[in-house]
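Below is my_file-v9.json, which holds JSON, C-alpha atoms.
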```json
[["chain", "number", "residue", "atom", "x", "y", "z"],
["A", 1475, "MET", "CA", 0.43, -0.97, 3.93],
["A", 1476, "HIS", "CA", 0.30, -4.71, 4.34],
["A", 1477, "GLY", "CA", -1.70, -6.88, 6.66],
["A", 1478, "GLY", "CA", -3.95, -5.99, 9.54],
["A", 1479, "ALA", "CA", -7.27, -6.58, 7.77],
["A", 1480, "THR", "CA", -9.04, -9.81, 6.93],
["A", 1481, "TRP", "CA", -11.69, -10.31, 4.25],
["A", 1482, "ASN", "CA", -15.16, -9.41, 5.60],
["A", 1483, "SER", "CA", -13.72, -8.70, 9.04],
["A", 1484, "SER", "CA", -14.74, -5.65, 11.05],
["A", 1485, "ALA", "CA", -11.19, -5.24, 12.39],
["A", 1486, "ASN", "CA", -9.14, -2.24, 11.31],
["A", 1487, "ARG", "CA", -11.80, -0.78, 9.01],
["A", 1488, "GLU", "CA", -10.81, 2.84, 9.76],
["A", 1489, "GLN", "CA", -7.16, 2.13, 8.98],
["A", 1490, "LEU", "CA", -8.19, 0.39, 5.78],
["A", 1491, "LYS", "CA", -10.31, 3.37, 4.74],
["A", 1492, "ASP", "CA", -7.33, 5.67, 5.37],
["A", 1493, "ALA", "CA", -5.03, 3.41, 3.34],
["A", 1494, "VAL", "CA", -7.49, 3.28, 0.43],
["A", 1495, "GLN", "CA", -7.80, 7.07, 0.41],
["A", 1496, "PHE", "CA", -4.03, 7.49, 0.53],
["A", 1497, "LEU", "CA", -3.25, 4.90, -2.13],
["A", 1498, "SER", "CA", -6.02, 6.11, -4.45],
["A", 1499, "GLN", "CA", -4.05, 9.36, -4.70],
["A", 1500, "LEU", "CA", -0.53, 7.97, -4.59],
["A", 1501, "VAL", "CA", -0.76, 5.14, -7.14],
["A", 1502, "PRO", "CA", -2.09, 7.27, -10.05],
["A", 1503, "PHE", "CA", 0.60, 9.88, -9.27],
["A", 1504, "ILE", "CA", 3.35, 7.26, -9.45],
["A", 1505, "ILE", "CA", 1.94, 5.79, -12.67],
["A", 1506, "ASP", "CA", 1.78, 9.27, -14.25],
["A", 1507, "LEU", "CA", 5.34, 9.96, -13.13],
["A", 1508, "MET", "CA", 6.58, 6.73, -14.67],
["A", 1509, "MET", "CA", 4.60, 7.22, -17.89],
["A", 1510, "ASP", "CA", 5.88, 10.81, -18.24],
["A", 1511, "ASN", "CA", 9.43, 9.50, -17.87],
["A", 1512, "SER", "CA", 9.15, 6.32, -19.91],
["A", 1513, "ASN", "CA", 12.63, 6.80, -21.36],
["A", 1514, "GLU", "CA", 14.18, 6.44, -17.91],
["A", 1515, "LEU", "CA", 15.72, 3.14, -16.93],
["A", 1516, "TRP", "CA", 13.63, 2.00, -13.97],
["A", 1517, "GLU", "CA", 15.84, -0.35, -11.99],
["A", 1518, "ASP", "CA", 14.62, -3.56, -10.39],
["A", 1519, "ALA", "CA", 13.07, -3.22, -6.95],
["A", 1520, "TYR", "CA", 15.72, -3.54, -4.27],
["A", 1521, "TYR", "CA", 14.89, -5.35, -1.05],
["A", 1522, "PRO", "CA", 18.16, -5.98, 0.80],
["A", 1523, "LEU", "CA", 18.42, -8.74, 3.38],
["A", 1524, "ILE", "CA", 18.58, -7.26, 6.87],
["A", 1525, "ASP", "CA", 20.35, -9.27, 9.53],
["A", 1526, "GLY", "CA", 18.18, -9.46, 12.62]]
```
Kindly transcribe the structure held in the file into structure tokens.
Amino acid sequence: MHGGATWNSSANREQLKDAVQFLSQLVPFIIDLMMDNSNELWEDAYYPLIDG
């Protein structure tokens, strides 16, 4: 979901359109889920370091 498209570039426009369509459905769903469960303790985001 990150990268691959530059402002006003013609590169990756189809992928960007797909991502916009996907996220326009997913983000409101996640917000509704969180709002409907506002009493839950939503932990901090966890991004572990991966040794490469």
For atom CA of A:Tyr1520 and atom CA of A:Asn1486, the interatomic separation in Å (one decimal):
29.4 Å
If I take atom CA of A:Arg1487 and atom CA of A:Ile1505, how far is one from the other in Å, to one decimal?
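Between atom CA of A:Arg1487 and atom CA of A:Ile1505 the gap is 26.5 Å.
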re atom CA of A:Ser1498 and atom CA of A:Asn1513: distance 25.2 Å
Return the padded bounding box of stretch 1497-1508 of chain A as JSON: axis-aligned, built from all atoms listed in the file, 6 Å added on each side, with centre and edge lengths in Å to one decimal.
```
{"center_x": 0.3, "center_y": 7.4, "center_z": -8.4, "size_x": 24.6, "size_y": 17.1, "size_z": 24.5}
```
